[in-house]
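Asker: Just one file: run_11.pdb, with PDB, C-alpha atoms.
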```pdb
ATOM      1  CA  MET A   1      -8.322  -8.195  23.369
ATOM      2  CA  ALA A   2      -8.819 -11.845  22.575
ATOM      3  CA  GLY A   3      -6.481 -14.799  22.353
ATOM      4  CA  GLU A   4      -3.653 -16.430  24.175
ATOM      5  CA  THR A   5      -1.169 -14.613  26.335
ATOM      6  CA  SER A   6       2.152 -15.299  28.003
ATOM      7  CA  ASP A   7       2.477 -17.436  31.127
ATOM      8  CA  LYS A   8       3.420 -14.325  33.108
ATOM      9  CA  ALA A   9      -0.008 -12.751  32.796
ATOM     10  CA  VAL A  10      -2.809 -13.575  35.220
ATOM     11  CA  ILE A  11      -6.034 -13.187  33.296
ATOM     12  CA  PRO A  12      -9.211 -12.301  35.220
ATOM     13  CA  ASP A  13     -12.099 -14.707  34.645
ATOM     14  CA  SER A  14     -14.236 -12.005  33.017
ATOM     15  CA  VAL A  15     -11.501 -11.262  30.488
ATOM     16  CA  ARG A  16     -10.883 -14.948  29.859
ATOM     17  CA  VAL A  17     -14.568 -15.452  29.020
ATOM     18  CA  ALA A  18     -14.474 -12.440  26.685
ATOM     19  CA  MET A  19     -11.398 -13.872  24.962
ATOM     20  CA  GLN A  20     -13.056 -17.255  24.484
ATOM     21  CA  LEU A  21     -16.184 -15.635  23.080
ATOM     22  CA  ALA A  22     -14.094 -13.623  20.641
ATOM     23  CA  SER A  23     -12.302 -16.754  19.457
ATOM     24  CA  ILE A  24     -15.698 -18.328  18.682
ATOM     25  CA  PHE A  25     -17.460 -15.367  17.055
ATOM     26  CA  MET A  26     -14.474 -13.435  15.668
ATOM     27  CA  PRO A  27     -12.008 -16.216  14.786
ATOM     28  CA  ARG A  28     -10.101 -14.365  12.056
ATOM     29  CA  ALA A  29      -9.472 -11.357  14.305
ATOM     30  CA  THR A  30      -8.375 -13.641  17.136
ATOM     31  CA  GLU A  31      -5.937 -15.545  14.924
ATOM     32  CA  HIS A  32      -4.540 -12.283  13.531
ATOM     33  CA  GLY A  33      -3.949 -10.992  17.056
ATOM     34  CA  GLN A  34      -2.230 -14.210  18.103
ATOM     35  CA  ARG A  35       0.169 -13.929  15.174
ATOM     36  CA  LEU A  36       0.905 -10.264  15.842
ATOM     37  CA  TYR A  37       1.518 -10.649  19.562
ATOM     38  CA  ALA A  38       3.232 -14.054  19.213
ATOM     39  CA  GLY A  39       3.064 -14.727  22.954
ATOM     40  CA  GLU A  40       4.202 -11.229  23.945
ATOM     41  CA  GLU A  41       2.237  -9.202  26.481
ATOM     42  CA  SER A  42       2.024  -6.139  24.241
ATOM     43  CA  ALA A  43       2.431  -5.026  20.631
ATOM     44  CA  ARG A  44       3.152  -1.628  19.117
ATOM     45  CA  PHE A  45       0.676   0.430  17.137
ATOM     46  CA  ALA A  46       0.877   3.888  15.565
ATOM     47  CA  HIS A  47      -1.784   6.575  15.517
ATOM     48  CA  TYR A  48      -1.005   8.980  12.654
ATOM     49  CA  THR A  49      -2.701  12.316  13.174
ATOM     50  CA  SER A  50      -2.186  16.067  13.075
ATOM     51  CA  ALA A  51       0.154  17.667  15.605
ATOM     52  CA  GLU A  52      -2.790  19.640  16.975
ATOM     53  CA  ALA A  53      -4.838  16.483  17.584
ATOM     54  CA  ALA A  54      -1.834  14.714  19.098
ATOM     55  CA  LEU A  55      -1.309  17.508  21.623
ATOM     56  CA  ASN A  56      -4.978  17.207  22.537
ATOM     57  CA  ILE A  57      -4.654  13.439  23.017
ATOM     58  CA  ILE A  58      -1.571  13.797  25.209
ATOM     59  CA  GLY A  59      -2.907  16.722  27.228
ATOM     60  CA  SER A  60      -6.332  15.205  27.896
ATOM     61  CA  LYS A  61      -5.298  11.527  27.914
ATOM     62  CA  ARG A  62      -8.243  10.884  25.611
ATOM     63  CA  ILE A  63      -8.335   9.519  22.088
ATOM     64  CA  TRP A  64     -11.187  10.763  19.931
ATOM     65  CA  MET A  65     -13.582   8.349  18.227
ATOM     66  CA  ARG A  66     -15.513   9.717  15.240
ATOM     67  CA  ASN A  67     -18.760   8.525  13.694
ATOM     68  CA  ALA A  68     -18.201   5.898  11.017
ATOM     69  CA  THR A  69     -20.168   7.979   8.525
ATOM     70  CA  CYS A  70     -17.714  10.872   8.906
ATOM     71  CA  MET A  71     -14.534   8.942   8.145
ATOM     72  CA  SER A  72     -12.648   9.707   4.951
ATOM     73  CA  ASP A  73     -13.105   6.098   3.807
ATOM     74  CA  TYR A  74     -16.786   5.853   4.772
ATOM     75  CA  ARG A  75     -17.578   3.945   1.574
ATOM     76  CA  GLU A  76     -15.480   1.083   2.888
ATOM     77  CA  VAL A  77     -17.828   0.879   5.888
ATOM     78  CA  HIS A  78     -20.656   0.676   3.361
ATOM     79  CA  HIS A  79     -18.693  -2.088   1.637
ATOM     80  CA  GLY A  80     -18.719  -4.165   4.813
ATOM     81  CA  PHE A  81     -22.368  -3.503   5.543
ATOM     82  CA  SER A  82     -23.420  -4.598   2.054
ATOM     83  CA  ILE A  83     -21.580  -7.907   2.389
ATOM     84  CA  VAL A  84     -22.957  -8.702   5.859
ATOM     85  CA  ARG A  85     -26.487  -7.682   4.835
ATOM     86  CA  LYS A  86     -26.328  -9.940   1.786
ATOM     87  CA  PHE A  87     -25.482 -12.969   3.941
ATOM     88  CA  PHE A  88     -28.309 -12.418   6.417
ATOM     89  CA  SER A  89     -30.796 -11.495   3.679
ATOM     90  CA  ASP A  90     -30.498 -15.079   2.449
ATOM     91  CA  ALA A  91     -33.219 -16.875   4.440
ATOM     92  CA  SER A  92     -31.432 -20.227   4.460
ATOM     93  CA  LYS A  93     -28.108 -18.755   5.611
ATOM     94  CA  ARG A  94     -29.778 -16.678   8.330
ATOM     95  CA  GLN A  95     -31.716 -19.722   9.514
ATOM     96  CA  GLU A  96     -28.566 -21.842   9.726
ATOM     97  CA  PHE A  97     -26.852 -19.170  11.832
ATOM     98  CA  THR A  98     -29.803 -18.548  14.159
ATOM     99  CA  GLN A  99     -30.488 -22.255  14.649
ATOM    100  CA  ALA A 100     -26.907 -22.850  15.761
ATOM    101  CA  VAL A 101     -27.072 -20.029  18.329
ATOM    102  CA  ASP A 102     -30.594 -21.056  19.426
ATOM    103  CA  GLN A 103     -29.132 -24.311  20.710
ATOM    104  CA  CYS A 104     -27.201 -22.205  23.233
ATOM    105  CA  ALA A 105     -29.549 -19.258  23.863
ATOM    106  CA  LEU A 106     -32.980 -19.350  22.279
ATOM    107  CA  GLY A 107     -33.735 -16.260  20.189
ATOM    108  CA  ALA A 108     -30.426 -14.523  20.981
ATOM    109  CA  ALA A 109     -29.183 -14.464  17.397
ATOM    110  CA  SER A 110     -32.458 -13.116  15.982
ATOM    111  CA  GLU A 111     -32.577 -10.423  18.651
ATOM    112  CA  ALA A 112     -29.008  -9.330  17.884
ATOM    113  CA  ILE A 113     -29.562  -9.328  14.116
ATOM    114  CA  ASP A 114     -32.791  -7.320  14.456
ATOM    115  CA  LEU A 115     -31.093  -4.838  16.793
ATOM    116  CA  PHE A 116     -28.270  -4.382  14.339
ATOM    117  CA  PHE A 117     -30.416  -3.707  11.297
ATOM    118  CA  ASP A 118     -33.220  -1.813  13.053
ATOM    119  CA  ARG A 119     -31.283   0.409  15.448
ATOM    120  CA  PHE A 120     -27.713   0.769  14.214
ATOM    121  CA  CYS A 121     -28.180   1.093  10.453
ATOM    122  CA  THR A 122     -30.220   3.356   8.221
ATOM    123  CA  ALA A 123     -33.214   1.885   6.459
ATOM    124  CA  GLY A 124     -32.413   3.649   3.182
ATOM    125  CA  PRO A 125     -30.256   2.501   0.270
ATOM    126  CA  SER A 126     -27.062   3.971   1.716
ATOM    127  CA  GLY A 127     -27.032   1.326   4.456
ATOM    128  CA  MET A 128     -24.549   3.268   6.568
ATOM    129  CA  PRO A 129     -24.171   2.226  10.221
ATOM    130  CA  LEU A 130     -25.199   4.978  12.608
ATOM    131  CA  ASN A 131     -24.190   5.493  16.228
ATOM    132  CA  THR A 132     -20.927   3.629  15.639
ATOM    133  CA  TYR A 133     -17.735   5.490  16.555
ATOM    134  CA  ILE A 134     -14.232   4.548  15.479
ATOM    135  CA  ALA A 135     -10.592   5.346  16.249
ATOM    136  CA  SER A 136      -7.979   3.984  13.831
ATOM    137  CA  ILE A 137      -4.409   2.870  14.449
ATOM    138  CA  THR A 138      -1.945   0.790  12.460
ATOM    139  CA  GLU A 139       0.555  -1.943  13.269
ATOM    140  CA  HIS A 140       4.038  -0.508  13.810
ATOM    141  CA  ASP A 141       7.297  -2.295  12.946
ATOM    142  CA  ASN A 142      10.751  -1.758  14.456
ATOM    143  CA  GLY A 143      11.999  -0.587  11.066
ATOM    144  CA  GLU A 144       9.577   2.335  11.199
ATOM    145  CA  ASP A 145      10.884   3.725  14.514
ATOM    146  CA  MET A 146      13.057   6.459  13.025
ATOM    147  CA  HIS A 147      11.023   7.663  10.067
ATOM    148  CA  GLY A 148       7.483   6.333  10.305
ATOM    149  CA  ARG A 149       5.633   5.036   7.249
ATOM    150  CA  LEU A 150       5.826   7.109   4.091
ATOM    151  CA  SER A 151       2.344   6.173   2.853
ATOM    152  CA  MET A 152       0.825   7.352   6.136
ATOM    153  CA  TRP A 153       2.580  10.734   5.984
ATOM    154  CA  ARG A 154       1.369  11.171   2.416
ATOM    155  CA  ALA A 155      -2.202  10.274   3.384
ATOM    156  CA  PHE A 156      -2.475  13.535   5.302
ATOM    157  CA  GLY A 157      -1.462  15.712   2.366
ATOM    158  CA  SER A 158       0.616  18.829   2.990
ATOM    159  CA  SER A 159      -1.810  21.074   4.858
ATOM    160  CA  ALA A 160      -0.891  20.221   8.436
ATOM    161  CA  VAL A 161       2.023  19.166  10.611
ATOM    162  CA  ARG A 162       1.675  15.435  11.196
ATOM    163  CA  VAL A 163       2.929  13.119  13.911
ATOM    164  CA  ALA A 164       2.709   9.435  14.788
ATOM    165  CA  ILE A 165       2.016   8.443  18.390
ATOM    166  CA  ILE A 166       3.419   4.962  18.992
ATOM    167  CA  LEU A 167       1.618   3.005  21.705
ATOM    168  CA  ARG A 168       2.469  -0.335  23.278
ATOM    169  CA  ILE A 169      -0.972  -1.912  23.724
ATOM    170  CA  PRO A 170      -1.419  -4.934  26.019
ATOM    171  CA  TRP A 171      -2.597  -8.276  24.650
ATOM    172  CA  TYR A 172      -5.453  -8.230  27.132
ATOM    173  CA  THR A 173      -6.838  -5.482  29.302
ATOM    174  CA  GLY A 174     -10.019  -4.892  31.230
ATOM    175  CA  GLY A 175     -10.128  -1.304  29.969
ATOM    176  CA  ALA A 176     -11.714  -1.986  26.594
ATOM    177  CA  GLN A 177     -14.241  -4.316  28.167
ATOM    178  CA  ALA A 178     -15.127  -1.776  30.873
ATOM    179  CA  ALA A 179     -15.755   0.908  28.242
ATOM    180  CA  ASN A 180     -17.715  -1.452  25.949
ATOM    181  CA  VAL A 181     -15.183  -0.896  23.169
ATOM    182  CA  ILE A 182     -14.300  -3.525  20.573
ATOM    183  CA  PHE A 183     -10.621  -3.565  19.550
ATOM    184  CA  SER A 184     -10.078  -5.495  16.339
ATOM    185  CA  PRO A 185      -7.860  -5.715  13.274
ATOM    186  CA  VAL A 186      -9.384  -4.614   9.995
ATOM    187  CA  ALA A 187      -9.964  -7.466   7.561
ATOM    188  CA  TYR A 188      -9.371  -6.886   3.850
ATOM    189  CA  LEU A 189     -11.691  -9.508   2.393
ATOM    190  CA  SER A 190     -13.878 -10.382  -0.544
ATOM    191  CA  GLU A 191     -17.549 -11.234  -0.178
ATOM    192  CA  ALA A 192     -16.753 -14.951  -0.482
ATOM    193  CA  ASN A 193     -14.162 -14.694   2.319
ATOM    194  CA  VAL A 194     -16.606 -12.928   4.644
ATOM    195  CA  HIS A 195     -19.373 -15.442   4.032
ATOM    196  CA  ALA A 196     -16.901 -18.277   4.639
ATOM    197  CA  ASP A 197     -15.925 -16.647   7.944
ATOM    198  CA  ILE A 198     -19.557 -16.475   9.082
ATOM    199  CA  ASN A 199     -19.916 -20.152   8.215
ATOM    200  CA  SER A 200     -16.861 -20.875  10.363
ATOM    201  CA  VAL A 201     -18.580 -19.042  13.230
ATOM    202  CA  ILE A 202     -21.557 -21.418  12.867
ATOM    203  CA  THR A 203     -19.159 -24.362  13.157
ATOM    204  CA  ASN A 204     -17.488 -22.797  16.207
ATOM    205  CA  VAL A 205     -20.839 -22.224  17.923
ATOM    206  CA  GLN A 206     -21.820 -25.841  17.385
ATOM    207  CA  ALA A 207     -18.474 -27.050  18.735
ATOM    208  CA  ASN A 208     -18.711 -24.819  21.831
ATOM    209  CA  ARG A 209     -22.379 -25.359  22.685
ATOM    210  CA  GLN A 210     -21.714 -26.421  26.280
ATOM    211  CA  PHE A 211     -19.660 -23.318  27.077
ATOM    212  CA  LEU A 212     -22.079 -20.938  25.377
ATOM    213  CA  SER A 213     -25.083 -22.528  27.083
ATOM    214  CA  SER A 214     -23.510 -21.750  30.465
ATOM    215  CA  LEU A 215     -23.659 -17.988  29.796
ATOM    216  CA  ASP A 216     -26.567 -15.619  30.306
ATOM    217  CA  ARG A 217     -28.671 -14.975  27.205
ATOM    218  CA  PRO A 218     -27.925 -11.189  27.175
ATOM    219  CA  ARG A 219     -24.210 -12.022  26.959
ATOM    220  CA  ILE A 220     -24.832 -14.053  23.808
ATOM    221  CA  VAL A 221     -26.915 -11.242  22.310
ATOM    222  CA  GLU A 222     -24.067  -8.794  22.962
ATOM    223  CA  ILE A 223     -21.359 -10.958  21.399
ATOM    224  CA  VAL A 224     -23.455 -11.656  18.271
ATOM    225  CA  LEU A 225     -24.186  -7.941  17.987
ATOM    226  CA  GLY A 226     -20.472  -7.219  18.491
ATOM    227  CA  MET A 227     -19.624  -9.680  15.731
ATOM    228  CA  LEU A 228     -21.971  -7.877  13.332
ATOM    229  CA  VAL A 229     -20.687  -4.418  14.232
ATOM    230  CA  ALA A 230     -17.051  -5.513  13.916
ATOM    231  CA  GLY A 231     -17.910  -7.238  10.646
ATOM    232  CA  VAL A 232     -19.047  -3.903   9.223
ATOM    233  CA  ALA A 233     -16.773  -1.399  10.988
ATOM    234  CA  CYS A 234     -13.622  -3.520  10.570
ATOM    235  CA  LEU A 235     -14.012  -4.714   6.994
ATOM    236  CA  LYS A 236     -12.427  -2.947   4.026
ATOM    237  CA  HIS A 237     -11.724  -3.543   0.368
ATOM    238  CA  GLN A 238      -8.725  -5.786  -0.346
ATOM    239  CA  GLY A 239      -6.915  -2.884  -2.029
ATOM    240  CA  PHE A 240      -6.315  -1.239   1.363
ATOM    241  CA  HIS A 241      -4.402  -4.194   2.856
ATOM    242  CA  GLU A 242      -1.096  -2.297   3.149
ATOM    243  CA  GLU A 243      -2.656  -0.051   5.816
ATOM    244  CA  ARG A 244      -2.527  -2.909   8.398
ATOM    245  CA  GLU A 245      -5.189  -1.072  10.342
ATOM    246  CA  TRP A 246      -6.831  -1.856  13.677
ATOM    247  CA  ARG A 247      -9.918  -0.097  14.980
ATOM    248  CA  ALA A 248     -11.446   0.665  18.347
ATOM    249  CA  VAL A 249     -15.231   0.598  17.881
ATOM    250  CA  TYR A 250     -17.904   1.958  20.226
ATOM    251  CA  ILE A 251     -21.697   1.658  19.824
ATOM    252  CA  ALA A 252     -22.987   4.824  21.421
ATOM    253  CA  ASN A 253     -26.645   4.101  22.050
ATOM    254  CA  ARG A 254     -26.618   0.410  22.952
ATOM    255  CA  VAL A 255     -25.668   0.573  26.647
ATOM    256  CA  PRO A 256     -24.664   4.034  27.980
ATOM    257  CA  GLU A 257     -21.116   3.858  29.328
ATOM    258  CA  PRO A 258     -20.080   6.484  31.931
ATOM    259  CA  LEU A 259     -16.409   6.115  30.964
ATOM    260  CA  MET A 260     -17.137   7.347  27.430
ATOM    261  CA  LYS A 261     -17.763  11.100  27.348
ATOM    262  CA  SER A 262     -18.977  12.898  24.231
ATOM    263  CA  SER A 263     -18.630  16.442  22.938
ATOM    264  CA  ILE A 264     -19.422  18.405  19.792
ATOM    265  CA  GLU A 265     -16.336  19.162  17.718
ATOM    266  CA  SER A 266     -15.784  20.536  14.227
ATOM    267  CA  PHE A 267     -13.721  18.812  11.528
ATOM    268  CA  GLY A 268     -13.290  20.682   8.259
ATOM    269  CA  GLY A 269     -16.218  22.898   9.197
ATOM    270  CA  VAL A 270     -18.521  19.923   9.900
ATOM    271  CA  PRO A 271     -19.876  19.921  13.494
ATOM    272  CA  GLN A 272     -20.187  16.385  14.848
ATOM    273  CA  THR A 273     -20.309  14.314  18.008
ATOM    274  CA  VAL A 274     -17.123  12.606  19.098
ATOM    275  CA  TYR A 275     -16.631  10.115  21.914
ATOM    276  CA  LYS A 276     -13.434  10.164  23.936
ATOM    277  CA  PHE A 277     -11.818   6.941  25.105
ATOM    278  CA  PRO A 278      -9.830   7.603  28.311
ATOM    279  CA  LEU A 279      -6.160   6.598  28.421
ATOM    280  CA  ASP A 280      -6.147   7.590  32.066
ATOM    281  CA  GLY A 281      -5.846   5.251  35.024
ATOM    282  CA  THR A 282      -7.182   7.908  37.412
ATOM    283  CA  VAL A 283     -10.613   7.673  35.743
ATOM    284  CA  SER A 284     -11.040   3.993  36.616
ATOM    285  CA  GLU A 285      -8.856   1.200  37.956
ATOM    286  CA  ALA A 286      -9.943  -0.832  34.929
ATOM    287  CA  LEU A 287      -8.067   1.648  32.718
ATOM    288  CA  SER A 288      -4.755   1.486  34.604
ATOM    289  CA  GLY A 289      -3.267  -0.845  31.991
ATOM    290  CA  LEU A 290      -4.089   1.680  29.272
ATOM    291  CA  ASP A 291      -2.836   4.827  30.982
ATOM    292  CA  LEU A 292      -0.982   6.974  28.450
ATOM    293  CA  SER A 293       2.114   7.241  30.629
ATOM    294  CA  ARG A 294       2.276   3.449  30.711
ATOM    295  CA  ILE A 295       1.567   2.535  27.074
ATOM    296  CA  PHE A 296       3.348   5.465  25.381
ATOM    297  CA  ASP A 297       6.382   4.230  23.442
ATOM    298  CA  ARG A 298       7.534   7.131  21.251
ATOM    299  CA  LEU A 299       6.381   9.969  19.032
ATOM    300  CA  ILE A 300       7.609  10.538  15.479
ATOM    301  CA  ILE A 301       7.326  14.025  14.010
ATOM    302  CA  GLY A 302       6.398  13.918  10.354
ATOM    303  CA  PRO A 303       8.339  15.799   7.658
ATOM    304  CA  SER A 304       8.265  19.485   8.593
ATOM    305  CA  PRO A 305      10.462  22.588   8.235
ATOM    306  CA  TYR A 306      10.163  23.137  12.017
ATOM    307  CA  PRO A 307      11.034  19.749  13.566
ATOM    308  CA  TRP A 308      12.932  21.010  16.615
ATOM    309  CA  VAL A 309      10.343  23.584  17.620
ATOM    310  CA  ILE A 310       7.746  20.828  17.440
ATOM    311  CA  TYR A 311      10.085  18.489  19.324
ATOM    312  CA  GLU A 312      10.321  20.871  22.289
ATOM    313  CA  ALA A 313       6.554  21.335  22.411
ATOM    314  CA  PHE A 314       5.851  17.603  22.495
ATOM    315  CA  VAL A 315       8.547  16.853  25.051
ATOM    316  CA  ALA A 316       6.967  19.423  27.361
ATOM    317  CA  ALA A 317       3.478  17.987  26.812
ATOM    318  CA  LEU A 318       4.652  14.433  27.454
ATOM    319  CA  VAL A 319       6.460  15.394  30.655
ATOM    320  CA  GLN A 320       3.272  17.007  31.900
ATOM    321  CA  ALA A 321       1.370  13.801  31.049
ATOM    322  CA  GLY A 322       3.730  11.788  33.248
ATOM    323  CA  VAL A 323       5.878  10.183  30.530
ATOM    324  CA  THR A 324       9.409   9.471  31.723
ATOM    325  CA  ASP A 325      12.455  10.175  29.534
ATOM    326  CA  ALA A 326      10.253  12.147  27.158
ATOM    327  CA  LYS A 327      13.222  13.882  25.528
ATOM    328  CA  ASP A 328      14.535  10.498  24.371
ATOM    329  CA  ARG A 329      11.194   9.336  23.011
ATOM    330  CA  VAL A 330      10.461  12.028  20.408
ATOM    331  CA  TRP A 331      11.999  11.595  16.951
ATOM    332  CA  PRO A 332      11.831  13.927  13.939
ATOM    333  CA  SER A 333      11.437  11.968  10.715
ATOM    334  CA  ASP A 334      13.886  13.066   8.029
ATOM    335  CA  ILE A 335      12.108  11.512   5.064
ATOM    336  CA  PRO A 336      12.814  14.028   2.261
ATOM    337  CA  ILE A 337       9.283  14.872   1.165
ATOM    338  CA  ARG A 338       7.558  18.251   1.174
ATOM    339  CA  ALA A 339       5.810  19.057   4.441
TER
END
```
Spell out the structure here as structure tokens.
Answerer:
Amino acid sequence: MAGETSDKAVIPDSVRVAMQLASIFMPRATEHGQRLYAGEESARFAHYTSAEAALNIIGSKRIWMRNATCMSDYREVHHGFSIVRKFFSDASKRQEFTQAVDQCALGAASEAIDLFFDRFCTAGPSGMPLNTYIASITEHDNGEDMHGRLSMWRAFGSSAVRVAIILRIPWYTGGAQAANVIFSPVAYLSEANVHADINSVITNVQANRQFLSSLDRPRIVEIVLGMLVAGVACLKHQGFHEEREWRAVYIANRVPEPLMKSSIESFGGVPQTVYKFPLDGTVSEALSGLDLSRIFDRLIIGPSPYPWVIYEAFVAALVQAGVTDAKDRVWPSDIPIRA
């Protein structure tokens, strides 16, 4: 996470540096997070998914991250890639960006840009980012506690029982950093907006030259690469703005991360690799702030003819996962739509 936090929190130096880097290279995401958290130590997010997947998440304390090319809105990832590619295909714009970063770490920007286009994206006309894995959640308001969000229930159609897992995610945590996962809001922007944001990054780099020059060159390469990946994986068409989505993003083949385990799973008959982000403090001390029993807020059962059977099943699963007062934290939504 990046941005300010309350006076109560003691921020480790490594996290503080990561937050400052994010404010320089991902200013819009940082400002969005500051508004959402508004000085609070945590904010609530919802993960809408099938009941089957939710039981898997709770039982394993792992949230699945799927390849960006396999998401239902994969064309929106292509949308972001096209906009970012257009900026850096302009020789003068690329030169302005690289020259600014070169003043802090010579060649770091060019290395990151080349890595991004050569290793993480296809060379063909589709331009889809490969080896990038995503888990999606959405901002959750108090007014949605009892029923959830109608548009999210409808997004799943009527083929499966749906639930929303509400999580209270800390403003900062070492867990995402330890797992090399970017956590960022999705931006719903036009091409002009995106290009203006990259220009603001150039200004930020110039204004923070002394700080950036104090860091190792590989650190600068990583944050520029992270900016590019987030710029593609967390950018969608303006028409999707009501989703208020955030994404956890993992680049699988950049630096192998022992905390991130993969497996082959099938979705709709399509076998694919998934990576599993641990919400389990027993895996690593760095993940203690993201343990499911600690960040779990509530679970809302989507419209279904069997709400109380489902209620009992989830209460039992949550108790086993170490969630206290589980019976008071599961709510059947009574929105009158067909299940």
Asker: Name the residues captured by the PyMOL selection byres ((chain A and resi 212-214) around 12) when it is applied to the shown file; answer as a PyMOL selection string.
Answerer: chain A and resi 17-18+20-22+24-25+100-106+108+204-211+215-221+223-224
Asker: Which residues fall under the PyMOL selection byres ((chain A and resi 150-156) around 12) in this file, as a count of residues only?
Answerer: 42
Asker: Hey, what's within 8 Å of stretch 314-330 of chain A if we count all atoms listed in the file and toss same-chain stuff fewer than 5 positions away? As a list of chain:residue names, please?
Answerer: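 Using all atoms listed in the file, the neighbours found are A:Leu55, A:Ile58, A:Gly59, A:Lys61, A:Leu292, A:Ser293, A:Arg294, A:Phe296, A:Asp297, A:Arg298, A:Leu299, A:Ile300, A:Ile301.
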Asker: Counting only C-alpha atoms, figure out which residue out of A:Arg247, A:Arg168, A:Lys276, A:Lys93 gets nearest to A:Leu235.
Answerer: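 Counting only C-alpha atoms, the residue closest to A:Leu235 is A:Arg247.
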Asker: I'd like the box whose edges run along x, y and z of the file and which contains every listed atom of stretch 197-215 of chain A, padded by 6 Å per side; could you state its centre and edge lengths in Å, one decimal, as JSON?
Answerer:
```
{"center_x": -20.5, "center_y": -21.8, "center_z": 19.2, "size_x": 21.2, "size_y": 22.6, "size_z": 34.5}
```
Asker: So which one's closest to A:Ala248, A:Gly268, A:Gly231, A:Pro185, A:Gly289? Using all atoms listed in the file, please.
Answerer: A:Pro185
Asker: Quick one: residues within 7 Å of stretch 175-177 of chain A, all atoms listed in the file counted, chain neighbours fewer than 6 positions away excluded, as a PDB file with C-alpha atoms, in the frame of the given file?
Answerer:
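Result file is result35.pdb:
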```pdb
ATOM      1  CA  ALA A 286      -9.943  -0.832  34.929  1.00  0.00           C
ATOM      2  CA  LEU A 287      -8.067   1.648  32.718  1.00  0.00           C
ATOM      3  CA  LEU A 290      -4.089   1.680  29.272  1.00  0.00           C
TER       4      LEU A 290
END
```
Asker: Smallest atom-to-atom distance to A:Met26: which of A:Gln238, A:Asn199, A:Asn56, A:Gln272, using only C-alpha atoms?
Answerer: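 Comparing A:Gln238, A:Asn199, A:Asn56, A:Gln272 against A:Met26, the winner is A:Asn199.
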Asker: If the PyMOL selection byres ((chain A and resi 261-265) around 6) were run on this exact file, what residues would it hold? Put them as an MDAnalysis selection string.
Answerer: chainID A and resid 260 266 271:276
Asker: Report, in Å to a single decimal, how far apart atom CA of A:Met227 and atom CA of A:His32 are.
Answerer: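 Going from atom CA of A:His32 over to atom CA of A:Met227 covers 15.5 Å.
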Asker: Out of A:Ile295, A:Cys70, A:Val249, A:Val77, which residue has the shortest atom-to-atom distance to A:Ile165 when counting all atoms listed in the file?
Answerer: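 Ranked by minimum distance to A:Ile165, first place goes to A:Ile295.
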Asker: Atom CA of A:Glu285 and atom CA of A:Ala178 are how many Å apart?
Answerer: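 Atom-to-atom, atom CA of A:Glu285 to atom CA of A:Ala178, that is 9.9 Å.
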